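Participant: run-v1.txt is the file, holding compact mmCIF, C-alpha atoms and all ligand atoms:
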```txt
# COMPACT_ATOMS: atom_id res chain seq x y z
CA MET D 23 -38.08 67.87 -17.62
CA ASN D 24 -34.61 69.04 -16.63
CA ILE D 25 -34.51 72.59 -15.28
CA LEU D 26 -31.60 74.92 -14.70
CA VAL D 27 -31.98 77.79 -12.23
CA VAL D 28 -29.32 80.48 -12.55
CA GLY D 29 -28.43 82.16 -9.24
CA GLY D 30 -27.53 81.12 -5.72
CA GLY D 31 -29.39 82.96 -2.97
CA GLY D 32 -32.46 82.54 -0.78
CA ARG D 33 -34.72 83.61 -3.62
CA GLU D 34 -33.36 80.85 -5.85
CA HIS D 35 -33.78 78.33 -3.04
CA ALA D 36 -37.47 79.32 -2.75
CA ILE D 37 -37.93 79.08 -6.54
CA ILE D 38 -36.30 75.64 -6.65
CA LYS D 39 -38.36 74.25 -3.77
CA LYS D 40 -41.53 75.43 -5.47
CA LEU D 41 -40.54 74.07 -8.91
CA LYS D 42 -39.88 70.69 -7.30
CA GLU D 43 -43.55 70.37 -6.31
CA ASP D 44 -44.46 69.77 -9.98
CA LYS D 45 -44.08 66.11 -10.93
CA ARG D 46 -42.76 67.06 -14.36
CA ALA D 47 -39.60 68.46 -12.77
CA GLU D 48 -36.96 65.72 -13.08
CA THR D 49 -33.49 67.00 -12.26
CA ILE D 50 -33.16 70.60 -11.14
CA TYR D 51 -29.72 72.15 -11.56
CA ALA D 52 -28.59 75.37 -9.90
CA LEU D 53 -25.69 77.47 -11.12
CA PRO D 54 -23.98 78.20 -8.80
CA GLY D 55 -26.59 77.37 -6.12
CA ASN D 56 -25.21 77.19 -2.58
CA GLY D 57 -24.60 74.73 0.27
CA GLY D 58 -28.27 74.73 1.26
CA ILE D 59 -29.67 74.59 -2.27
CA ALA D 60 -27.51 71.46 -2.72
CA ALA D 61 -30.13 69.55 -0.69
CA ASP D 62 -32.78 70.33 -3.32
CA ALA D 63 -30.87 70.66 -6.61
CA VAL D 64 -27.64 69.62 -8.30
CA CYS D 65 -25.29 72.58 -7.92
CA LEU D 66 -23.02 73.37 -10.85
CA GLU D 67 -19.83 75.36 -10.57
CA GLY D 68 -19.55 78.74 -12.22
CA SER D 69 -20.73 82.28 -11.97
CA ALA D 70 -24.35 83.41 -12.52
CA THR D 71 -23.11 86.12 -14.89
CA ASP D 72 -20.94 83.84 -17.05
CA ILE D 73 -23.14 83.47 -20.13
CA PRO D 74 -20.92 80.95 -22.01
CA ALA D 75 -20.64 78.80 -18.86
CA VAL D 76 -24.42 78.75 -18.41
CA ILE D 77 -24.97 77.80 -22.06
CA ALA D 78 -22.36 75.05 -21.77
CA ALA D 79 -24.04 73.71 -18.60
CA ALA D 80 -27.48 73.76 -20.25
CA LYS D 81 -26.12 71.73 -23.17
CA GLU D 82 -24.13 69.28 -21.06
CA HIS D 83 -27.08 68.45 -18.81
CA ALA D 84 -29.74 68.34 -21.55
CA VAL D 85 -31.70 71.11 -19.87
CA ASP D 86 -35.25 71.74 -21.15
CA PHE D 87 -35.99 74.98 -19.35
CA VAL D 88 -33.82 77.72 -17.83
CA VAL D 89 -34.90 80.15 -15.12
CA VAL D 90 -32.62 83.19 -14.90
CA ALA D 91 -33.32 84.69 -11.48
CA PRO D 92 -30.82 87.50 -10.69
CA ASP D 93 -30.80 90.99 -12.21
CA ASP D 94 -27.25 91.16 -13.53
CA PRO D 95 -27.35 88.20 -15.97
CA LEU D 96 -30.76 89.40 -17.21
CA VAL D 97 -29.43 92.91 -17.81
CA LEU D 98 -26.38 91.40 -19.55
CA GLY D 99 -28.62 89.49 -22.00
CA MET D 100 -28.36 85.91 -20.74
CA VAL D 101 -31.90 85.07 -21.89
CA ASP D 102 -31.18 86.35 -25.42
CA ALA D 103 -28.04 84.20 -25.58
CA LEU D 104 -29.83 81.08 -24.28
CA GLU D 105 -32.75 81.55 -26.67
CA ALA D 106 -30.34 81.94 -29.57
CA GLU D 107 -29.07 78.45 -28.65
CA GLY D 108 -32.63 77.11 -28.65
CA PHE D 109 -33.29 77.00 -24.88
CA ALA D 110 -36.70 77.97 -23.52
CA CYS D 111 -36.30 80.45 -20.65
CA PHE D 112 -38.13 82.26 -17.90
CA GLY D 113 -36.88 85.85 -17.66
CA PRO D 114 -36.89 89.00 -19.77
CA ARG D 115 -34.56 89.65 -22.68
CA LYS D 116 -31.91 92.34 -22.41
CA ASP D 117 -34.02 95.02 -24.13
CA ALA D 118 -36.77 94.52 -21.51
CA ALA D 119 -34.49 93.98 -18.47
CA VAL D 120 -33.36 97.59 -18.99
CA ILE D 121 -36.48 98.54 -17.01
CA GLU D 122 -34.36 97.68 -13.96
CA GLY D 123 -30.92 98.16 -15.52
CA SER D 124 -31.41 101.87 -16.13
CA LYS D 125 -33.39 104.15 -13.83
CA ALA D 126 -33.17 106.89 -16.49
CA PHE D 127 -34.89 104.51 -18.93
CA SER D 128 -37.64 103.53 -16.49
CA LYS D 129 -38.29 107.12 -15.41
CA ASP D 130 -38.55 108.28 -19.04
CA LEU D 131 -40.87 105.35 -19.81
CA MET D 132 -43.19 106.32 -16.96
CA LYS D 133 -43.19 109.98 -18.02
CA LYS D 134 -43.94 109.11 -21.66
CA TYR D 135 -46.83 106.78 -20.77
CA GLY D 136 -48.26 108.72 -17.83
CA ILE D 137 -47.46 106.10 -15.20
CA PRO D 138 -47.43 107.73 -11.72
CA THR D 139 -43.94 108.17 -10.24
CA ALA D 140 -41.88 110.81 -8.40
CA ALA D 141 -41.03 113.96 -10.44
CA TYR D 142 -37.39 113.82 -11.56
CA GLU D 143 -34.55 115.11 -13.71
CA THR D 144 -31.76 113.02 -15.26
CA PHE D 145 -28.16 114.24 -15.52
CA THR D 146 -25.00 113.09 -17.26
CA ASP D 147 -23.23 116.39 -16.57
CA MET D 148 -22.15 116.84 -12.95
CA ASP D 149 -22.19 120.65 -12.99
CA LYS D 150 -25.77 120.67 -14.18
CA ALA D 151 -26.73 118.15 -11.49
CA LEU D 152 -25.00 120.28 -8.84
CA ALA D 153 -26.78 123.41 -10.03
CA TYR D 154 -30.12 121.58 -9.93
CA VAL D 155 -29.77 120.32 -6.36
CA GLU D 156 -29.24 123.93 -5.19
CA SER D 157 -32.86 124.75 -5.92
CA CYS D 158 -34.91 121.54 -5.73
CA PRO D 159 -37.09 120.72 -2.70
CA LEU D 160 -35.58 118.92 0.31
CA PRO D 161 -35.25 116.10 1.11
CA THR D 162 -33.86 115.25 -2.29
CA VAL D 163 -33.43 111.71 -3.61
CA VAL D 164 -30.27 111.05 -5.65
CA LYS D 165 -30.07 107.75 -7.54
CA ALA D 166 -27.34 106.10 -9.59
CA ASP D 167 -28.72 105.14 -13.01
CA GLY D 168 -27.49 101.53 -13.16
CA LEU D 169 -27.51 98.43 -10.96
CA ALA D 170 -25.98 99.07 -7.54
CA LEU D 171 -27.10 96.08 -5.45
CA GLY D 172 -30.09 98.07 -4.21
CA LYS D 173 -27.76 100.58 -2.58
CA GLY D 174 -27.56 103.28 -5.26
CA VAL D 175 -30.17 105.54 -3.64
CA LEU D 176 -29.27 108.38 -1.29
CA ILE D 177 -31.94 110.37 0.53
CA CYS D 178 -30.47 113.80 1.25
CA GLU D 179 -31.92 115.99 4.00
CA THR D 180 -29.66 118.98 3.31
CA ARG D 181 -28.19 120.77 0.27
CA GLU D 182 -24.70 119.79 1.39
CA ALA D 183 -25.70 116.11 1.51
CA ALA D 184 -27.27 116.39 -1.96
CA ARG D 185 -24.12 117.98 -3.41
CA GLU D 186 -22.00 115.30 -1.74
CA ALA D 187 -24.26 112.54 -3.14
CA VAL D 188 -23.99 113.89 -6.68
CA ARG D 189 -20.21 114.25 -6.40
CA SER D 190 -19.62 110.82 -4.90
CA MET D 191 -21.70 109.13 -7.61
CA MET D 192 -20.56 111.14 -10.64
CA GLU D 193 -16.97 111.99 -9.74
CA GLY D 194 -16.02 109.49 -7.04
CA ARG D 195 -17.90 106.69 -8.82
CA MET D 196 -19.10 105.35 -5.50
CA PHE D 197 -21.22 102.85 -7.48
CA GLY D 198 -18.82 102.51 -10.42
CA ASP D 199 -20.15 103.25 -13.88
CA SER D 200 -23.70 102.94 -12.54
CA GLY D 201 -23.26 106.53 -11.37
CA ALA D 202 -22.21 108.04 -14.72
CA THR D 203 -25.84 109.10 -15.04
CA VAL D 204 -27.82 110.19 -12.00
CA VAL D 205 -31.52 110.71 -11.44
CA VAL D 206 -32.52 113.40 -8.94
CA GLU D 207 -36.09 112.98 -7.78
CA GLU D 208 -38.82 114.22 -5.54
CA PHE D 209 -39.06 112.66 -2.07
CA LEU D 210 -42.28 110.71 -1.66
CA THR D 211 -43.94 109.55 1.54
CA GLY D 212 -46.24 106.69 2.41
CA PRO D 213 -46.10 102.96 3.05
CA GLU D 214 -44.12 100.84 0.59
CA VAL D 215 -45.55 97.76 -1.07
CA SER D 216 -43.80 95.17 -3.23
CA VAL D 217 -45.93 93.56 -5.91
CA LEU D 218 -44.31 90.82 -7.96
CA SER D 219 -46.19 89.86 -11.10
CA PHE D 220 -46.06 87.22 -13.79
CA THR D 221 -46.34 88.57 -17.31
CA ASP D 222 -46.00 87.12 -20.78
CA GLY D 223 -46.01 90.58 -22.32
CA GLU D 224 -49.79 90.65 -22.90
CA THR D 225 -51.34 89.47 -19.65
CA VAL D 226 -50.12 90.52 -16.22
CA VAL D 227 -51.02 88.54 -13.11
CA PRO D 228 -49.99 90.16 -9.82
CA MET D 229 -48.87 87.81 -7.05
CA VAL D 230 -49.82 88.31 -3.41
CA SER D 231 -48.43 91.64 -2.16
CA SER D 232 -45.58 91.85 0.35
CA MET D 233 -43.62 94.22 2.57
CA ASP D 234 -39.82 94.30 2.72
CA HIS D 235 -37.71 95.55 5.65
CA LYS D 236 -34.61 97.01 4.02
CA ARG D 237 -32.78 98.64 6.92
CA ALA D 238 -30.36 96.66 9.07
CA LEU D 239 -31.72 97.58 12.49
CA ASP D 240 -35.04 97.54 14.36
CA GLY D 241 -37.31 100.52 13.84
CA ASP D 242 -36.04 100.97 10.26
CA ARG D 243 -32.73 102.37 11.44
CA GLY D 244 -29.21 101.58 10.25
CA LEU D 245 -27.85 100.94 6.80
CA ASN D 246 -29.81 99.71 3.81
CA THR D 247 -29.40 95.99 3.20
CA GLY D 248 -30.58 93.50 0.62
CA GLY D 249 -33.63 92.97 2.90
CA MET D 250 -33.86 91.74 6.52
CA GLY D 251 -37.32 90.21 6.36
CA THR D 252 -40.70 90.24 4.65
CA VAL D 253 -44.36 89.62 5.27
CA ALA D 254 -47.18 88.78 2.86
CA PRO D 255 -49.81 89.94 2.20
CA ASN D 256 -49.11 93.63 2.81
CA PRO D 257 -52.10 95.03 4.78
CA TYR D 258 -51.71 98.50 3.22
CA TYR D 259 -52.45 97.01 -0.19
CA THR D 260 -56.26 96.90 -0.11
CA PRO D 261 -58.42 95.49 -2.94
CA ASP D 262 -59.24 99.09 -4.01
CA ILE D 263 -55.58 100.02 -4.23
CA ALA D 264 -54.90 96.78 -6.10
CA SER D 265 -57.48 97.67 -8.78
CA GLU D 266 -56.11 101.19 -9.05
CA CYS D 267 -52.59 99.80 -9.51
CA MET D 268 -53.80 97.35 -12.16
CA GLU D 269 -55.46 100.15 -14.11
CA LYS D 270 -52.89 102.94 -13.70
CA ILE D 271 -49.59 101.10 -13.27
CA PHE D 272 -49.46 97.38 -14.11
CA MET D 273 -51.31 97.23 -17.44
CA PRO D 274 -49.93 100.59 -18.64
CA THR D 275 -46.38 99.35 -17.97
CA ILE D 276 -46.90 96.08 -19.85
CA ARG D 277 -48.45 97.96 -22.79
CA ALA D 278 -45.71 100.60 -22.73
CA MET D 279 -42.96 97.98 -22.91
CA LYS D 280 -44.71 96.28 -25.80
CA ALA D 281 -45.22 99.60 -27.62
CA GLU D 282 -41.51 100.32 -27.21
CA GLY D 283 -40.66 97.00 -28.88
CA ARG D 284 -39.39 95.67 -25.55
CA THR D 285 -42.05 93.08 -24.66
CA PHE D 286 -41.43 92.00 -21.06
CA LYS D 287 -41.75 88.29 -20.25
CA GLY D 288 -40.95 86.97 -16.80
CA CYS D 289 -41.43 88.36 -13.32
CA LEU D 290 -41.89 92.12 -13.21
CA TYR D 291 -41.54 93.56 -9.71
CA PHE D 292 -43.35 96.79 -8.90
CA GLY D 293 -41.84 98.68 -5.96
CA LEU D 294 -44.70 101.00 -4.99
CA MET D 295 -45.24 103.81 -2.55
CA LEU D 296 -48.82 104.53 -1.45
CA THR D 297 -48.58 108.33 -1.34
CA PRO D 298 -51.34 110.77 -0.32
CA ASP D 299 -51.77 111.32 -4.11
CA GLY D 300 -52.23 107.62 -4.83
CA PRO D 301 -49.86 104.75 -5.59
CA LYS D 302 -46.63 105.65 -7.39
CA VAL D 303 -43.78 103.56 -8.75
CA ILE D 304 -40.53 103.85 -6.77
CA GLU D 305 -38.73 101.27 -8.88
CA TYR D 306 -39.17 98.37 -11.24
CA ASN D 307 -37.15 95.19 -10.93
CA CYS D 308 -36.92 92.77 -13.82
CA ARG D 309 -36.96 89.69 -11.55
CA PHE D 310 -38.28 88.16 -8.36
CA GLY D 311 -37.44 90.18 -5.23
CA ASP D 312 -35.27 88.84 -2.45
CA PRO D 313 -36.55 88.25 0.27
CA GLU D 314 -40.09 88.88 -1.11
CA THR D 315 -40.01 85.59 -3.04
CA GLN D 316 -39.47 83.73 0.23
CA VAL D 317 -42.95 84.79 1.48
CA VAL D 318 -44.79 84.98 -1.86
CA LEU D 319 -43.99 81.57 -3.38
CA PRO D 320 -44.90 79.51 -0.29
CA LEU D 321 -48.42 81.00 -0.65
CA LEU D 322 -48.69 79.99 -4.33
CA GLU D 323 -51.05 77.05 -4.68
CA SER D 324 -50.77 76.59 -8.46
CA SER D 325 -47.75 75.00 -10.16
CA LEU D 326 -44.87 77.48 -10.51
CA LEU D 327 -43.41 75.36 -13.31
CA GLU D 328 -46.66 75.51 -15.26
CA ILE D 329 -46.90 79.29 -14.81
CA MET D 330 -43.29 79.79 -15.88
CA LEU D 331 -43.79 77.63 -18.96
CA ALA D 332 -46.98 79.57 -19.78
CA VAL D 333 -45.12 82.88 -19.48
CA SER D 334 -42.39 81.63 -21.76
CA GLU D 335 -44.91 80.32 -24.31
CA GLY D 336 -47.19 83.38 -24.16
CA ARG D 337 -50.26 81.62 -22.76
CA LEU D 338 -50.51 83.13 -19.29
CA ALA D 339 -54.14 84.25 -19.86
CA ASP D 340 -55.22 80.58 -19.90
CA THR D 341 -53.18 79.50 -16.89
CA GLU D 342 -54.28 79.22 -13.29
CA VAL D 343 -52.39 81.40 -10.80
CA ARG D 344 -53.96 80.87 -7.38
CA PHE D 345 -52.67 82.08 -4.04
CA SER D 346 -53.64 80.91 -0.56
CA GLU D 347 -55.48 83.34 1.73
CA LYS D 348 -52.91 82.65 4.46
CA SER D 349 -50.10 84.91 5.66
CA ALA D 350 -46.35 84.39 5.60
CA CYS D 351 -43.40 85.91 7.45
CA CYS D 352 -39.69 85.59 6.61
CA VAL D 353 -37.04 86.60 9.13
CA ILE D 354 -33.54 86.85 7.70
CA LEU D 355 -30.75 85.50 9.88
CA ALA D 356 -27.62 87.42 8.97
CA SER D 357 -24.03 87.44 10.16
CA GLU D 358 -23.44 90.06 12.88
CA GLY D 359 -21.93 93.13 11.20
CA TYR D 360 -23.79 92.76 7.86
CA PRO D 361 -24.05 94.79 5.61
CA GLN D 362 -20.51 95.87 6.47
CA LYS D 363 -17.81 93.63 7.92
CA TYR D 364 -18.71 90.20 9.23
CA GLU D 365 -17.05 86.86 9.93
CA LYS D 366 -18.01 83.66 8.16
CA GLY D 367 -17.28 79.94 8.35
CA PHE D 368 -19.52 79.13 11.34
CA PRO D 369 -21.37 75.78 11.35
CA ILE D 370 -25.18 76.03 11.05
CA THR D 371 -27.57 73.78 13.00
CA LEU D 372 -31.00 73.40 11.44
CA PRO D 373 -34.15 71.96 13.07
CA GLU D 374 -36.29 69.09 11.73
CA THR D 375 -38.57 70.21 8.90
CA MET D 376 -42.17 71.18 9.68
CA ALA D 377 -45.16 71.44 7.33
CA ASP D 378 -45.87 75.14 7.92
CA ARG D 379 -42.21 76.25 7.96
CA GLN D 380 -39.44 76.66 5.45
CA ILE D 381 -35.76 77.51 5.58
CA TYR D 382 -34.25 79.08 2.48
CA ILE D 383 -30.49 79.21 2.51
CA ALA D 384 -28.81 82.29 1.06
CA GLY D 385 -25.18 82.36 2.18
CA ALA D 386 -23.81 78.98 3.19
CA VAL D 387 -21.43 76.37 1.79
CA ARG D 388 -20.94 72.69 2.48
CA LYS D 389 -17.60 71.96 4.12
CA ASP D 390 -16.67 68.42 5.14
CA GLY D 391 -20.35 67.49 5.03
CA GLU D 392 -21.33 70.39 7.28
CA LEU D 393 -23.27 73.53 6.37
CA VAL D 394 -21.23 76.64 7.28
CA THR D 395 -21.97 80.37 6.87
CA SER D 396 -20.43 82.08 3.85
CA GLY D 397 -22.35 85.32 3.44
CA GLY D 398 -23.92 88.34 5.08
CA ARG D 399 -27.47 87.14 4.72
CA VAL D 400 -27.26 83.50 5.73
CA LEU D 401 -30.84 82.22 5.57
CA GLY D 402 -34.50 83.07 5.72
CA ALA D 403 -36.73 81.44 8.36
CA VAL D 404 -40.27 81.36 6.96
CA ALA D 405 -43.58 80.44 8.57
CA ILE D 406 -47.09 80.27 7.13
CA ALA D 407 -50.27 80.69 9.20
CA GLU D 408 -53.94 81.64 9.02
CA ASP D 409 -53.13 85.23 10.02
CA LEU D 410 -50.14 87.52 10.10
CA LEU D 411 -49.76 87.68 13.89
CA THR D 412 -49.48 83.89 14.10
CA ALA D 413 -47.12 83.73 11.11
CA ILE D 414 -44.78 86.25 12.75
CA GLY D 415 -44.84 84.36 16.06
CA LYS D 416 -44.07 81.07 14.31
CA ALA D 417 -41.27 82.59 12.24
CA TYR D 418 -39.54 83.87 15.39
CA ASP D 419 -40.09 80.52 17.11
CA TRP D 420 -38.43 78.93 14.08
CA VAL D 421 -35.50 81.36 14.37
CA GLU D 422 -34.99 80.20 17.97
CA ARG D 423 -34.33 76.68 16.72
CA ILE D 424 -31.67 77.66 14.18
CA HIS D 425 -28.14 78.21 15.41
CA PHE D 426 -24.84 79.59 14.21
CA ASP D 427 -22.29 81.83 15.90
CA ASN D 428 -22.71 85.58 15.40
CA ALA D 429 -26.28 85.19 14.09
CA TYR D 430 -28.23 88.43 13.91
CA CYS D 431 -31.82 89.24 13.00
CA ARG D 432 -34.22 92.13 13.34
CA GLU D 433 -36.74 91.55 16.12
CA ASP D 434 -39.51 93.67 14.58
CA ILE D 435 -40.25 92.07 11.22
CA GLY D 436 -43.97 92.48 10.52
CA GLN D 437 -44.66 94.94 13.37
CA ARG D 438 -45.50 97.79 11.02
CA ALA D 439 -47.88 95.51 9.14
CA LEU D 440 -49.57 94.50 12.40
CA GLN D 441 -49.91 98.17 13.30
CA ALA D 442 -51.61 98.78 9.94
CA LEU D 443 -54.03 95.91 10.62
CA ARG D 444 -54.87 97.37 14.04
CA GLU D 445 -55.49 100.80 12.47
CA LYS D 446 -57.85 99.26 9.90
CA LYS D 447 -60.11 97.88 12.60
P1 LIG D 501 -34.87 101.89 -4.91
O1 LIG D 501 -33.55 101.20 -5.04
O2 LIG D 501 -35.19 102.82 -6.03
O3 LIG D 501 -35.98 100.94 -4.57
O4 LIG D 501 -34.80 102.75 -3.58
C1 LIG D 501 -34.48 102.16 -2.35
C2 LIG D 501 -35.34 102.74 -1.26
O5 LIG D 501 -35.16 104.16 -1.17
C3 LIG D 501 -36.82 102.55 -1.51
O6 LIG D 501 -37.28 101.31 -1.08
C4 LIG D 501 -37.42 103.71 -0.74
O7 LIG D 501 -37.52 103.37 0.63
C5 LIG D 501 -36.38 104.79 -0.86
N1 LIG D 501 -36.75 105.70 -1.96
C6 LIG D 501 -36.41 105.60 -3.25
N2 LIG D 501 -36.94 106.60 -3.98
C7 LIG D 501 -37.62 107.38 -3.12
C8 LIG D 501 -38.39 108.58 -3.25
N3 LIG D 501 -38.54 109.19 -4.43
N4 LIG D 501 -38.96 109.09 -2.14
C9 LIG D 501 -38.81 108.49 -0.94
N5 LIG D 501 -38.09 107.36 -0.74
C10 LIG D 501 -37.50 106.81 -1.82
N1 LIG D 502 -36.13 93.17 -1.86
C1 LIG D 502 -35.85 94.13 -2.83
C2 LIG D 502 -35.23 93.60 -4.05
O1 LIG D 502 -35.20 92.42 -4.31
O2 LIG D 502 -34.73 94.40 -4.83
```
Would you mind writing the structure in this file as structure tokens?
Ligand code: AMP
Ligand code: GLY

Facilitator:
Amino acid sequence: MNILVVGGGGREHAIIKKLKEDKRAETIYALPGNGGIAADAVCLEGSATDIPAVIAAAKEHAVDFVVVAPDDPLVLGMVDALEAEGFACFGPRKDAAVIEGSKAFSKDLMKKYGIPTAAYETFTDMDKALAYVESCPLPTVVKADGLALGKGVLICETREAAREAVRSMMEGRMFGDSGATVVVEEFLTGPEVSVLSFTDGETVVPMVSSMDHKRALDGDRGLNTGGMGTVAPNPYYTPDIASECMEKIFMPTIRAMKAEGRTFKGCLYFGLMLTPDGPKVIEYNCRFGDPETQVVLPLLESSLLEIMLAVSEGRLADTEVRFSEKSACCVILASEGYPQKYEKGFPITLPETMADRQIYIAGAVRKDGELVTSGGRVLGAVAIAEDLLTAIGKAYDWVERIHFDNAYCREDIGQRALQALREKK
């Protein structure tokens, strides 16, 4: 079976490595892939959002199955276009991807179907939004409606900051057209949990839970990034909370999407906050998370290819999805200065492979046979172990053996999770 994976980051590298474990996978293509993915797949030139280019590549290489991994092509309708050409795909259609593509849509969906989330109001008129933030409780959360690379959320401690946030999104178009509509919502507190799930629109199978570290600096300080590291499982996500989420959030969401005529097939990502009033949805993503995937998929013991085929063919209920009881930690090595200005083009030295370790490349190209940095987040160093403490230790040991100039990582990935484990005892 020839497989095409659309995308080119660390998440796609983790997906490709896992797909390769199934003997049915013949050639795996990546569009565009990256310099590190090139060791595991045939990289094709083009952009992940160029629908005609992806269709042309699928035809040229006699592809049997396409995995569309990033949010933007999904929201643009790449799966619809591929299916119209007869290609089987993993990923939601455009009408379902809107669950991530529009926060106004997802908030209204949750309100209509009674799915727990922060109280909110949606605005397309700036004056009304400005009037509203004068009276709502502080801190206030202001969100751009559309995709904004995970950065379209401003947490405002003061009225002035809230006014400024509304103005910069709606007037200044800080996030482009994504800010034409804004959602102003209640500030929630509690630990955050990421739960990725497989769903064919009828059955939903949650994967092992994980914890992201979004801020650039230790102690959750600094700017928001695409994610500086992850651990799995997330110790805050107990079996009781998992059953509550299944009953109040996961199944209701799958049924709601179906009832709306927007059956969701693919990976649905639940960004949850465990508040004093129970788990609530912070956001939905219509795809695998990055860097959550880098700790979740190494713990998957069943065949990812088989699960993806089952999702696409609507037979997930009869398919085995088994996760290991082990723990995983991913430390992102970034270029110093990320998420703002950083230099690139530095050669990367990688260690010999080891059974309990992985390296997923996110931002690197091959130049004269050498792997050199090309992005802010360069790679994820992942380790698997019997327990979280050991996994974290091994991941940092792994980081020590990887070299490039100006490399930067957080030193505290997993510390909050360890603290939670200590508190449980
Ligand atoms: P989002 O892009 O919606 O996931 O938001 C990014 C981050 O902002 C989340 O991971 C949370 O840490 C924070 N956040 C978003 N919404 C809220 C909220 N209502 N209350 C508190 N924090 C929030
Ligand atoms: N790690 C968060 C995301 O993928 O959106």

Participant: Select, counting only C-alpha atoms, all protein, DNA and RNA residues no farther than 10 Å from (-41.4, 84.9, 11.3) in file coordinates, and express the selection as a ChimeraX atom specification.

Facilitator: /D:251-253,317,350-354,379,402-406,410-421,433-436

Participant: Could those selected residues go to a file with C-alpha atoms, as a PDB file, keeping the file's coordinate frame?

Facilitator:
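result-v6.pdb written:
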```pdb
ATOM      1  CA  GLY D 251     -37.320  90.210   6.360  1.00  0.00           C
ATOM      2  CA  THR D 252     -40.700  90.240   4.650  1.00  0.00           C
ATOM      3  CA  VAL D 253     -44.360  89.620   5.270  1.00  0.00           C
ATOM      4  CA  VAL D 317     -42.950  84.790   1.480  1.00  0.00           C
ATOM      5  CA  ALA D 350     -46.350  84.390   5.600  1.00  0.00           C
ATOM      6  CA  CYS D 351     -43.400  85.910   7.450  1.00  0.00           C
ATOM      7  CA  CYS D 352     -39.690  85.590   6.610  1.00  0.00           C
ATOM      8  CA  VAL D 353     -37.040  86.600   9.130  1.00  0.00           C
ATOM      9  CA  ILE D 354     -33.540  86.850   7.700  1.00  0.00           C
ATOM     10  CA  ARG D 379     -42.210  76.250   7.960  1.00  0.00           C
ATOM     11  CA  GLY D 402     -34.500  83.070   5.720  1.00  0.00           C
ATOM     12  CA  ALA D 403     -36.730  81.440   8.360  1.00  0.00           C
ATOM     13  CA  VAL D 404     -40.270  81.360   6.960  1.00  0.00           C
ATOM     14  CA  ALA D 405     -43.580  80.440   8.570  1.00  0.00           C
ATOM     15  CA  ILE D 406     -47.090  80.270   7.130  1.00  0.00           C
ATOM     16  CA  LEU D 410     -50.140  87.520  10.100  1.00  0.00           C
ATOM     17  CA  LEU D 411     -49.760  87.680  13.890  1.00  0.00           C
ATOM     18  CA  THR D 412     -49.480  83.890  14.100  1.00  0.00           C
ATOM     19  CA  ALA D 413     -47.120  83.730  11.110  1.00  0.00           C
ATOM     20  CA  ILE D 414     -44.780  86.250  12.750  1.00  0.00           C
ATOM     21  CA  GLY D 415     -44.840  84.360  16.060  1.00  0.00           C
ATOM     22  CA  LYS D 416     -44.070  81.070  14.310  1.00  0.00           C
ATOM     23  CA  ALA D 417     -41.270  82.590  12.240  1.00  0.00           C
ATOM     24  CA  TYR D 418     -39.540  83.870  15.390  1.00  0.00           C
ATOM     25  CA  ASP D 419     -40.090  80.520  17.110  1.00  0.00           C
ATOM     26  CA  TRP D 420     -38.430  78.930  14.080  1.00  0.00           C
ATOM     27  CA  VAL D 421     -35.500  81.360  14.370  1.00  0.00           C
ATOM     28  CA  GLU D 433     -36.740  91.550  16.120  1.00  0.00           C
ATOM     29  CA  ASP D 434     -39.510  93.670  14.580  1.00  0.00           C
ATOM     30  CA  ILE D 435     -40.250  92.070  11.220  1.00  0.00           C
ATOM     31  CA  GLY D 436     -43.970  92.480  10.520  1.00  0.00           C
TER      32      GLY D 436
END
```

Participant: For stretch 131-140 of chain D, find every residue with an atom within 8 Å (counting only C-alpha atoms), except residues of its own chain fewer than 2 positions away, and show them as number ranges by chain.

Facilitator: D: 127-129, 142, 207-210, 270-271, 274-275, 278, 301-304

Participant: Write the residues of the preceding selection, restricted to C-alpha atoms, as a PDB file, in the coordinates of the input.

Facilitator:
```
ATOM      1  CA  PHE D 127     -34.890 104.510 -18.930  1.00  0.00           C
ATOM      2  CA  SER D 128     -37.640 103.530 -16.490  1.00  0.00           C
ATOM      3  CA  LYS D 129     -38.290 107.120 -15.410  1.00  0.00           C
ATOM      4  CA  TYR D 142     -37.390 113.820 -11.560  1.00  0.00           C
ATOM      5  CA  GLU D 207     -36.090 112.980  -7.780  1.00  0.00           C
ATOM      6  CA  GLU D 208     -38.820 114.220  -5.540  1.00  0.00           C
ATOM      7  CA  PHE D 209     -39.060 112.660  -2.070  1.00  0.00           C
ATOM      8  CA  LEU D 210     -42.280 110.710  -1.660  1.00  0.00           C
ATOM      9  CA  LYS D 270     -52.890 102.940 -13.700  1.00  0.00           C
ATOM     10  CA  ILE D 271     -49.590 101.100 -13.270  1.00  0.00           C
ATOM     11  CA  PRO D 274     -49.930 100.590 -18.640  1.00  0.00           C
ATOM     12  CA  THR D 275     -46.380  99.350 -17.970  1.00  0.00           C
ATOM     13  CA  ALA D 278     -45.710 100.600 -22.730  1.00  0.00           C
ATOM     14  CA  PRO D 301     -49.860 104.750  -5.590  1.00  0.00           C
ATOM     15  CA  LYS D 302     -46.630 105.650  -7.390  1.00  0.00           C
ATOM     16  CA  VAL D 303     -43.780 103.560  -8.750  1.00  0.00           C
ATOM     17  CA  ILE D 304     -40.530 103.850  -6.770  1.00  0.00           C
TER      18      ILE D 304
END
```

Participant: I want to know what sits within 10 Å of D:Arg33, based on only C-alpha atoms, with residues of the same chain fewer than 3 positions away left out; could you give that as a VMD selection string?

Facilitator: chain D and resid 29 to 30 36 to 38 91 to 92 310 to 317 319 382 to 384 402

Participant: Smallest atom-to-atom distance to ligand LIG 501 (chain D): which of D:Gly244, D:Gly293, D:Gly32, D:Pro369, using only C-alpha atoms and all ligand atoms?

Facilitator: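 Checking each of D:Gly244, D:Gly293, D:Gly32, D:Pro369 against ligand LIG 501 (chain D), counting only C-alpha atoms and all ligand atoms, the winner is D:Gly293.
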